[in-house]
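**Student:** work_22.txt is the file, holding compact mmCIF, C-alpha atoms:
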```txt
# COMPACT_ATOMS: atom_id res chain seq x y z
CA MET A 163 -71.65 -183.19 112.80
CA PRO A 164 -73.76 -185.93 111.23
CA ASP A 165 -75.74 -184.97 108.12
CA CYS A 166 -78.72 -186.85 109.54
CA ASP A 167 -79.23 -184.11 112.13
CA LEU A 168 -80.77 -182.02 109.37
CA ALA A 169 -83.59 -184.56 109.21
CA LEU A 170 -84.47 -183.82 112.83
CA ALA A 171 -84.68 -180.06 112.36
CA PRO A 172 -88.19 -178.64 112.00
CA ARG A 173 -89.62 -179.56 108.58
CA THR A 174 -90.88 -176.10 107.71
CA ALA A 175 -87.54 -174.54 108.68
CA VAL A 176 -85.65 -176.86 106.30
CA ILE A 177 -88.08 -176.26 103.45
CA ASP A 178 -88.14 -172.49 103.97
CA LEU A 179 -84.34 -172.31 104.11
CA ALA A 180 -84.01 -174.38 100.94
CA ALA A 181 -86.44 -172.04 99.17
CA VAL A 182 -84.32 -169.05 100.17
CA LEU A 183 -81.06 -170.74 99.21
CA SER A 184 -82.36 -171.73 95.77
CA GLN A 185 -83.58 -168.24 94.86
CA GLY A 186 -81.86 -167.00 91.71
CA ARG A 187 -80.43 -170.45 91.17
CA ARG A 188 -81.63 -173.35 89.08
CA VAL A 189 -82.34 -176.62 90.86
CA GLU A 190 -81.71 -179.63 88.64
CA HIS A 191 -83.00 -182.96 89.88
CA LEU A 192 -80.29 -185.51 89.14
CA SER A 193 -82.71 -188.28 89.97
CA VAL A 194 -86.46 -188.20 90.41
CA PRO A 195 -87.17 -187.65 94.13
CA GLN A 196 -88.76 -190.68 95.71
CA GLU A 197 -90.84 -191.36 98.78
CA GLY A 198 -92.24 -194.60 100.12
CA LEU A 199 -91.33 -197.70 102.04
CA TRP A 200 -87.84 -199.11 101.79
CA LEU A 201 -87.51 -202.85 102.30
CA VAL A 202 -84.40 -203.18 104.42
CA GLN A 203 -82.48 -206.20 103.26
CA ILE A 204 -79.62 -207.86 105.10
CA THR A 205 -77.50 -210.85 104.21
CA GLU A 206 -77.42 -213.67 106.71
CA PRO A 207 -73.86 -214.83 107.42
CA VAL A 208 -74.18 -218.62 107.07
CA ARG A 209 -75.60 -219.13 103.61
CA GLY A 210 -75.29 -215.59 102.39
CA ASP A 211 -79.00 -215.41 101.59
CA GLY A 212 -80.73 -212.07 101.60
CA TRP A 213 -83.79 -211.50 103.74
CA TYR A 214 -85.92 -208.55 104.72
CA ILE A 215 -85.97 -207.41 108.30
CA GLY A 216 -88.69 -204.86 107.79
CA GLU A 217 -89.70 -201.63 106.15
CA VAL A 218 -88.85 -198.05 106.93
CA PRO A 219 -90.35 -194.92 105.38
CA VAL A 220 -87.83 -193.17 103.16
CA GLY A 221 -87.63 -190.03 101.10
CA GLN A 222 -84.64 -189.37 98.87
CA ALA A 223 -83.46 -186.71 96.49
CA CYS A 224 -80.30 -185.82 94.59
CA ILE A 225 -79.91 -182.37 93.08
CA ALA A 226 -77.47 -180.01 91.41
CA LEU A 227 -77.71 -176.33 92.24
CA HIS A 228 -76.66 -174.04 89.39
CA ASP A 229 -75.53 -170.56 90.32
CA PRO A 230 -74.80 -168.01 87.56
CA GLN A 231 -71.60 -166.87 89.28
CA ARG A 232 -70.44 -169.76 91.41
CA GLY A 233 -71.15 -172.68 89.12
CA GLU A 234 -72.57 -175.98 90.28
CA ALA A 235 -72.99 -177.58 93.70
CA ARG A 236 -74.39 -181.06 94.21
CA GLY A 237 -76.19 -182.45 97.21
CA GLY A 238 -78.26 -185.42 98.24
CA ALA A 239 -80.42 -186.62 101.07
CA VAL A 240 -81.92 -189.91 102.19
CA LEU A 241 -84.26 -189.36 105.10
CA MET A 242 -86.33 -191.72 107.18
CA HIS A 243 -89.45 -189.77 106.28
CA ALA A 244 -91.69 -190.61 103.33
CA ASP A 245 -91.51 -186.98 102.27
CA ARG A 246 -89.91 -186.10 98.94
CA GLU A 247 -90.40 -182.36 99.44
CA LEU A 248 -88.39 -182.49 102.66
CA ALA A 249 -85.77 -184.71 101.03
CA THR A 250 -85.38 -182.26 98.16
CA ALA A 251 -85.04 -179.34 100.57
CA ALA A 252 -82.47 -181.26 102.59
CA ALA A 253 -80.54 -182.02 99.40
CA VAL A 254 -80.42 -178.30 98.58
CA CYS A 255 -79.11 -177.57 102.09
CA ASP A 256 -76.59 -180.36 101.68
CA ALA A 257 -75.35 -178.86 98.41
CA ILE A 258 -74.89 -175.45 100.06
CA ALA A 259 -73.11 -176.94 103.07
CA ARG A 260 -70.77 -179.07 100.96
CA SER A 261 -69.85 -176.24 98.63
CA GLY A 262 -69.46 -173.65 101.38
CA TRP A 263 -71.58 -171.16 99.47
CA PRO A 264 -73.26 -168.31 101.36
CA GLY A 265 -75.99 -169.84 103.47
CA ALA A 266 -73.79 -172.66 104.77
CA ASP A 267 -73.90 -171.04 108.21
CA GLU A 268 -77.69 -171.13 108.16
CA VAL A 269 -77.58 -174.82 107.26
CA ALA A 270 -75.14 -175.41 110.12
CA ARG A 271 -77.53 -173.60 112.48
CA LEU A 272 -80.38 -175.88 111.39
CA ARG A 273 -78.17 -178.91 111.91
CA ASN A 274 -77.43 -177.68 115.42
CA GLU A 275 -81.16 -177.51 116.05
CA GLY A 276 -81.40 -181.08 114.83
CA THR A 277 -78.54 -182.11 117.08
CA ALA A 278 -80.28 -180.56 120.10
CA ILE A 279 -83.51 -182.37 119.24
CA ARG A 280 -81.59 -185.62 118.83
CA ALA A 281 -79.98 -185.20 122.26
CA GLN A 282 -83.39 -184.51 123.79
CA VAL A 283 -84.94 -187.59 122.13
CA ASP A 284 -81.97 -189.75 123.12
CA GLY A 285 -82.36 -188.57 126.70
CA VAL A 286 -86.05 -189.46 126.79
CA ARG A 287 -85.37 -192.87 125.27
CA ALA A 288 -82.54 -193.55 127.70
CA ALA A 289 -84.87 -192.76 130.62
CA ILE A 290 -87.51 -195.15 129.26
CA LEU A 291 -84.88 -197.84 128.78
CA GLU A 292 -83.53 -197.33 132.26
CA ARG A 293 -86.96 -198.05 133.75
CA THR A 294 -87.04 -201.41 131.98
CA ARG A 295 -83.68 -202.53 133.36
CA VAL A 296 -83.81 -205.83 135.23
CA ASP A 297 -81.00 -206.90 137.55
CA PHE A 298 -81.04 -210.68 137.31
CA CYS A 299 -78.45 -210.99 140.05
CA GLU A 300 -80.80 -209.33 142.56
CA LEU A 301 -83.68 -211.54 141.39
CA GLY A 302 -81.51 -214.60 142.11
CA GLN A 303 -80.73 -213.36 145.63
CA GLU A 304 -84.44 -212.81 146.38
CA ASP A 305 -85.20 -216.36 145.26
CA ALA A 306 -82.55 -217.69 147.65
CA MET B 68 -91.66 -176.28 96.81
CA ILE B 69 -88.84 -177.07 94.41
CA ALA B 70 -90.97 -178.71 91.78
CA LEU B 71 -90.25 -181.15 89.00
CA ASP B 72 -91.59 -180.57 85.51
CA HIS B 73 -93.01 -183.01 83.00
CA PRO B 74 -92.09 -185.67 82.07
CA TRP B 75 -90.86 -186.39 85.61
CA VAL B 76 -94.11 -185.68 87.43
CA ALA B 77 -95.91 -188.81 88.60
CA VAL B 78 -99.37 -187.64 87.52
CA GLY B 79 -98.10 -187.02 83.98
CA GLN B 80 -96.30 -190.36 83.90
CA ARG B 81 -99.55 -192.11 84.84
CA ARG B 82 -101.36 -190.34 82.01
CA VAL B 83 -98.60 -191.36 79.58
CA PHE B 84 -98.88 -194.95 80.77
CA ARG B 85 -102.66 -194.86 80.20
CA VAL B 86 -102.14 -193.49 76.69
CA LEU B 87 -99.57 -196.21 75.99
CA LEU B 88 -101.99 -198.91 77.10
CA ASP B 89 -104.59 -197.56 74.69
CA ALA B 90 -102.02 -197.32 71.92
CA TRP B 91 -100.95 -200.93 72.50
CA ALA B 92 -104.57 -202.05 72.41
CA ARG B 93 -105.16 -200.24 69.11
CA PRO B 94 -101.95 -200.72 67.10
CA GLY B 95 -101.22 -198.02 64.60
CA THR B 96 -103.33 -195.31 66.24
CA VAL B 97 -101.49 -192.05 66.77
CA ALA B 98 -101.52 -190.48 70.25
CA ASP B 99 -100.25 -187.09 71.32
CA LEU B 100 -98.03 -186.90 74.43
CA GLY B 101 -97.13 -183.22 74.04
CA GLU B 102 -99.03 -182.22 77.16
CA TRP B 103 -96.88 -184.42 79.38
CA SER B 104 -93.48 -184.27 77.70
CA GLY B 105 -92.45 -180.88 79.08
CA GLY B 106 -91.13 -179.73 75.72
CA ALA B 107 -88.90 -182.78 75.26
CA ARG B 108 -89.43 -185.25 72.43
CA ALA B 109 -92.10 -187.84 73.01
CA ARG B 110 -89.48 -190.59 73.44
CA LEU B 111 -88.49 -189.12 76.80
CA ALA B 112 -92.08 -189.04 78.06
CA VAL B 113 -92.48 -192.67 76.96
CA LEU B 114 -89.32 -193.78 78.75
CA ALA B 115 -90.17 -191.74 81.86
CA GLY B 116 -93.53 -193.49 81.98
CA LEU B 117 -92.06 -196.97 81.56
CA CYS B 118 -88.63 -197.01 83.18
CA ASP B 119 -87.65 -197.29 86.81
CA ALA B 120 -84.86 -198.89 88.80
CA ALA B 121 -86.32 -202.35 88.15
CA THR B 122 -85.89 -202.04 84.38
CA THR B 123 -82.95 -202.03 82.01
CA LEU B 124 -82.28 -199.64 79.15
CA HIS B 125 -79.96 -199.58 76.17
CA ASP B 126 -79.42 -196.18 74.53
CA THR B 127 -78.21 -197.38 71.16
CA HIS B 128 -77.31 -194.06 69.60
CA GLY B 129 -76.54 -192.01 72.72
CA MET B 130 -79.69 -189.92 72.44
CA LEU B 131 -80.19 -189.30 76.14
CA SER B 132 -78.40 -186.59 78.10
CA ASP B 133 -76.58 -187.63 81.25
CA GLY B 134 -79.23 -185.89 83.34
CA ASP B 135 -82.16 -187.62 81.65
CA ARG B 136 -80.34 -190.94 81.83
CA SER B 137 -79.89 -190.48 85.57
CA ARG B 138 -83.50 -189.37 86.15
CA LEU B 139 -84.87 -192.38 84.29
CA GLY B 140 -83.26 -194.59 86.92
CA ALA B 141 -83.14 -197.67 84.67
CA ARG B 142 -79.99 -199.75 84.76
CA THR B 143 -77.84 -199.76 81.64
CA ALA B 144 -77.72 -203.10 79.83
CA GLY B 145 -76.49 -204.57 76.59
CA VAL B 146 -78.84 -204.41 73.64
CA ASP B 147 -79.38 -208.17 73.70
CA ILE B 148 -80.79 -208.22 77.25
CA ALA B 149 -82.23 -204.73 77.79
CA THR B 150 -85.94 -204.44 78.55
CA PHE B 151 -86.10 -201.15 76.67
CA VAL B 152 -84.00 -200.14 73.69
CA LEU B 153 -83.88 -196.55 72.49
CA ALA B 154 -82.76 -196.01 68.92
CA ASP B 155 -82.65 -193.41 66.18
CA GLY B 156 -84.96 -194.55 63.39
CA THR B 157 -83.09 -192.57 60.77
CA ARG B 158 -80.02 -194.76 61.26
CA ASP B 159 -79.30 -198.26 60.04
CA PRO B 160 -80.34 -200.97 62.55
CA ALA B 161 -77.52 -203.24 61.38
CA ARG B 162 -75.92 -205.30 64.13
CA LEU B 163 -78.74 -204.40 66.51
CA THR B 164 -79.96 -207.55 68.20
CA PRO B 165 -82.63 -206.74 70.82
CA ALA B 166 -83.97 -209.50 73.05
CA ARG B 167 -86.75 -211.49 71.38
CA GLY B 168 -87.73 -213.49 74.46
CA THR B 169 -87.96 -217.26 74.56
CA LEU B 170 -90.86 -219.64 74.09
CA LEU B 171 -90.92 -220.12 77.86
CA ALA B 172 -90.62 -216.38 78.55
CA PRO B 173 -91.77 -214.39 75.51
CA GLU B 174 -92.38 -211.38 77.76
CA ARG B 175 -88.61 -210.90 77.83
CA GLY B 176 -88.71 -209.59 74.29
CA ALA B 177 -87.56 -205.97 74.21
CA THR B 178 -89.62 -202.87 73.69
CA VAL B 179 -87.86 -200.71 71.13
CA VAL B 180 -88.51 -196.98 71.37
CA LEU B 181 -87.79 -195.70 67.89
CA ASP B 182 -87.37 -191.98 67.32
CA CYS B 183 -88.37 -190.79 63.84
CA GLN B 184 -89.15 -187.56 62.04
CA ALA B 185 -92.95 -187.72 62.09
CA VAL B 186 -95.64 -190.15 63.19
CA GLY B 187 -98.95 -189.76 61.36
CA GLU B 188 -97.33 -188.29 58.25
CA GLY B 189 -95.38 -189.73 55.33
CA PRO B 190 -95.49 -193.14 53.63
CA ALA B 191 -98.22 -195.51 54.80
CA LEU B 192 -97.73 -198.88 56.47
CA ARG B 193 -100.55 -201.43 56.24
CA LEU B 194 -101.17 -203.20 59.54
CA THR B 195 -103.24 -206.28 60.31
CA GLY B 196 -103.65 -208.30 63.46
CA PRO B 197 -105.12 -208.18 66.97
CA GLY B 198 -106.64 -204.81 67.85
CA ILE B 199 -107.15 -203.77 64.23
CA ASP B 200 -110.50 -204.05 62.50
CA GLY B 201 -109.55 -205.32 59.06
CA VAL B 202 -106.58 -203.39 57.76
CA GLY B 203 -105.11 -200.37 59.52
CA GLU B 204 -102.87 -197.69 58.18
CA LEU B 205 -100.02 -195.91 59.92
CA ARG B 206 -98.00 -193.16 58.30
CA VAL B 207 -94.39 -192.71 59.40
CA LEU B 208 -91.87 -190.22 58.05
CA GLY B 209 -88.11 -190.22 58.36
CA ILE B 210 -87.35 -193.80 59.21
CA ASP B 211 -84.77 -196.02 57.58
CA PRO B 212 -86.79 -198.75 55.76
CA ARG B 213 -84.24 -201.33 56.93
CA TRP B 214 -85.97 -201.12 60.33
CA TRP B 215 -88.99 -202.86 58.82
CA ILE B 216 -86.78 -205.61 57.42
CA ALA B 217 -85.07 -206.00 60.79
CA ARG B 218 -88.43 -206.12 62.56
CA SER B 219 -89.68 -208.90 60.29
CA ALA B 220 -86.53 -210.86 61.12
CA TRP B 221 -86.96 -210.34 64.87
CA CYS B 222 -90.68 -211.11 65.12
CA ALA B 223 -92.09 -214.63 65.03
CA PHE B 224 -94.97 -214.46 67.47
CA PRO B 225 -94.88 -214.97 70.42
CA LEU B 226 -91.22 -214.05 70.11
CA GLY B 227 -90.11 -210.66 68.90
CA VAL B 228 -89.90 -207.00 69.81
CA ASP B 229 -92.58 -204.39 70.33
CA LEU B 230 -92.11 -201.02 68.67
CA ILE B 231 -93.07 -197.60 69.96
CA LEU B 232 -92.60 -195.02 67.21
CA CYS B 233 -92.07 -191.49 68.49
CA ASP B 234 -91.67 -188.05 66.99
CA ALA B 235 -91.58 -184.69 68.74
CA ARG B 236 -95.05 -185.10 70.33
CA ARG B 237 -96.77 -188.18 68.93
CA ILE B 238 -96.41 -191.90 69.32
CA ALA B 239 -97.81 -195.09 67.77
CA CYS B 240 -97.31 -198.69 68.83
CA ILE B 241 -96.69 -201.76 66.72
CA PRO B 242 -96.76 -204.90 68.88
CA ARG B 243 -94.95 -208.02 67.73
CA SER B 244 -98.30 -209.68 66.95
CA ILE B 245 -98.99 -207.27 64.10
CA ALA B 246 -98.30 -208.13 60.48
CA MET B 247 -96.97 -205.20 58.52
CA GLU B 248 -96.73 -204.36 54.83
CA ILE B 249 -94.93 -201.36 53.38
```
Mind converting the file's structure to structure tokens?
**Tutor:**
Amino acid sequence: MPDCDLALAPRTAVIDLAAVLSQGRRVEHLSVPQEGLWLVQITEPVRGDGWYIGEVPVGQACIALHDPQRGEARGGAVLMHADRELATAAAVCDAIARSGWPGADEVARLRNEGTAIRAQVDGVRAAILERTRVDFCELGQEDA
Amino acid sequence: MIALDHPWVAVGQRRVFRVLLDAWARPGTVADLGEWSGGARARLAVLAGLCDAATTLHDTHGMLSDGDRSRLGARTAGVDIATFVLADGTRDPARLTPARGTLLAPERGATVVLDCQAVGEGPALRLTGPGIDGVGELRVLGIDPRWWIARSAWCAFPLGVDLILCDARRIACIPRSIAMEI
């Protein structure tokens, strides 16, 4: 199941779950959470020059969760939302899921919600795309 | 909300940057960063206010923890090319060769963040130059005097290094344009 499905789950659900999962544990930010626009750079294949194809909003966080009994679990998240609070919460969920600590099932449930939302959005987009389909062969026959 | 504390909070970093600008404009004045350092030494608040992924840092004496090093985000670089150099002022600066810039790019001279015992206490330095009305005085305690010799060797305006002296809470700046007497 792709990690990115967590980004599609309801924001408040992710943040609330992360708050519950971090209770009694210390959250250490391994890097300062960031939010803003990411300039997406690609390298063109002929000359190898870099150029920017556009900007996407990004939030990212990387944390270590310290549990008095279980030790340390690390997690990270890079989301296409300029929202560092959500990215931090997603990183906490990621740490729990990766380590298999109690709460991993709840994270999996949220991911399933995200997967369902993704399928719904993909379906809507596919329907829109289908309406724009042009059959050039038929156009040619009409012209004849 | 899983919050960050000072010195990693943006609003605190902006205040630190503002204080640094004032301190650069008035060399030798002592400023207190305690409010925004989150209990850490002032050097960390200074670096958190100045460093990001676009900068380079050399931790000469290994004074930063792995976590702080990671949170600063600056790339690690050799002392001769680093934008920022962190050093322990109680230790000998021998063999330390920070970037001095070039005549075409003097801005590439390093900023040296020098940790010492106390800023605003101890033996007095006499400062003259831009931003100082007549002769200024800065007291610094717990710094190896060979740093002043090294600084005089590094600085030939517009080339040279800029110093930020830090103790537990306070800082003072000595730009390369300042003449200094012990």
**Student:** Define the interface residues of chain A facing chain B as those within 7 Å, counting all atoms listed in the file, and report them as an NGL selection string.
**Tutor:** :A and (192-194 or 247)
**Student:** Counting all atoms listed in the file, what is within 8 Å of segment 211-226 of chain A, bar same-chain residues fewer than 5 positions away, as a PyMOL selection string?
**Tutor:** chain A and resi 189-206+234-246+248-250+253-254+257
**Student:** Skipping near chain neighbours, those fewer than 2 positions away, what residues fall within 6 Å of segment 102-106 of chain B using all atoms listed in the file, listed as a list of chain:residue names?
**Tutor:**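 The residues that qualify are B:His73, B:Pro74, B:Gly79, B:Leu100, B:Ala112.
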**Student:** Give me, please, the distance in Å between atom CA of Gly227 of chain B and atom CA of Gly101 of chain B, quoted to one decimal.
**Tutor:**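 One can read the atom CA of Gly227 of chain B to atom CA of Gly101 of chain B distance as 28.8 Å.
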**Student:** At most 12 Å from (-102.7, -195.3, 74.6), file frame, all atoms listed in the file: which residues, as a PyMOL selection string?
**Tutor:** chain B and resi 81-100+113+116+231+237-241
**Student:** To one decimal place in Å, what is the distance between atom CA of Ala288 of chain A and atom CA of Leu301 of chain A?
**Tutor:**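 One can read the atom CA of Ala288 of chain A to atom CA of Leu301 of chain A distance as 22.6 Å.
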**Student:** For atom CA of Arg295 of chain A and atom CA of Ile279 of chain A, quote the distance in Å rounded to one decimal.
**Tutor:**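 Between atom CA of Arg295 of chain A and atom CA of Ile279 of chain A the gap is 24.6 Å.
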**Student:** Pick out the residues sitting within 8 Å of Gly168 of chain B, and hand them over as a compact mmCIF listing (two decimals) with C-alpha atoms, keeping the file's coordinate frame; count all atoms listed in the file, and ignore anything fewer than 3 positions along from it in its own chain.
**Tutor:**
```txt
# COMPACT_ATOMS: atom_id res chain seq x y z
CA ALA B 172 -90.62 -216.38 78.55
CA PRO B 173 -91.77 -214.39 75.51
CA GLU B 174 -92.38 -211.38 77.76
CA ARG B 175 -88.61 -210.90 77.83
CA GLY B 176 -88.71 -209.59 74.29
CA ALA B 177 -87.56 -205.97 74.21
CA LEU B 226 -91.22 -214.05 70.11
CA GLY B 227 -90.11 -210.66 68.90
```
**Student:** Each residue of segment 99-167 of chain B lying at most 8 Å from segment 209-219 of chain B should get a row with its shortest atom-to-atom pair and the distance in Å to one decimal, counting all atoms listed in the file; could you produce that, ordered by chain and increasing number, as JSON lines?
**Tutor:**
```
{"residue": "B:Gly156", "atom": "CA", "partner": "B:Ile210", "partner_atom": "CA", "distance": 4.9}
{"residue": "B:Thr157", "atom": "CA", "partner": "B:Ile210", "partner_atom": "CA", "distance": 4.7}
{"residue": "B:Arg158", "atom": "CA", "partner": "B:Asp211", "partner_atom": "CA", "distance": 6.1}
{"residue": "B:Asp159", "atom": "CA", "partner": "B:Asp211", "partner_atom": "CA", "distance": 6.4}
{"residue": "B:Pro160", "atom": "CA", "partner": "B:Trp214", "partner_atom": "CA", "distance": 6.1}
```
**Student:** What lies within 10 Å of Leu194 of chain B using all atoms listed in the file, ignoring chain neighbours under 3 positions off, as a list in words?
**Tutor:** Pro94, Gly95, Ala191, Pro197, Ile199, Asp200, Gly201, Val202, Gly203, Glu204, Leu205, Ile241, Ile245, Ala246, Met247, Glu248 and Ile249 of chain B
**Student:** Might you pull out every residue within 12 Å of segment 259-261 of chain A, with all atoms listed in the file counted and same-chain residues fewer than 3 positions away left off, and present them as a PyMOL selection string?
**Tutor:** chain A and resi 163+165+168+180+183+226-229+232-238+252-256+264-273
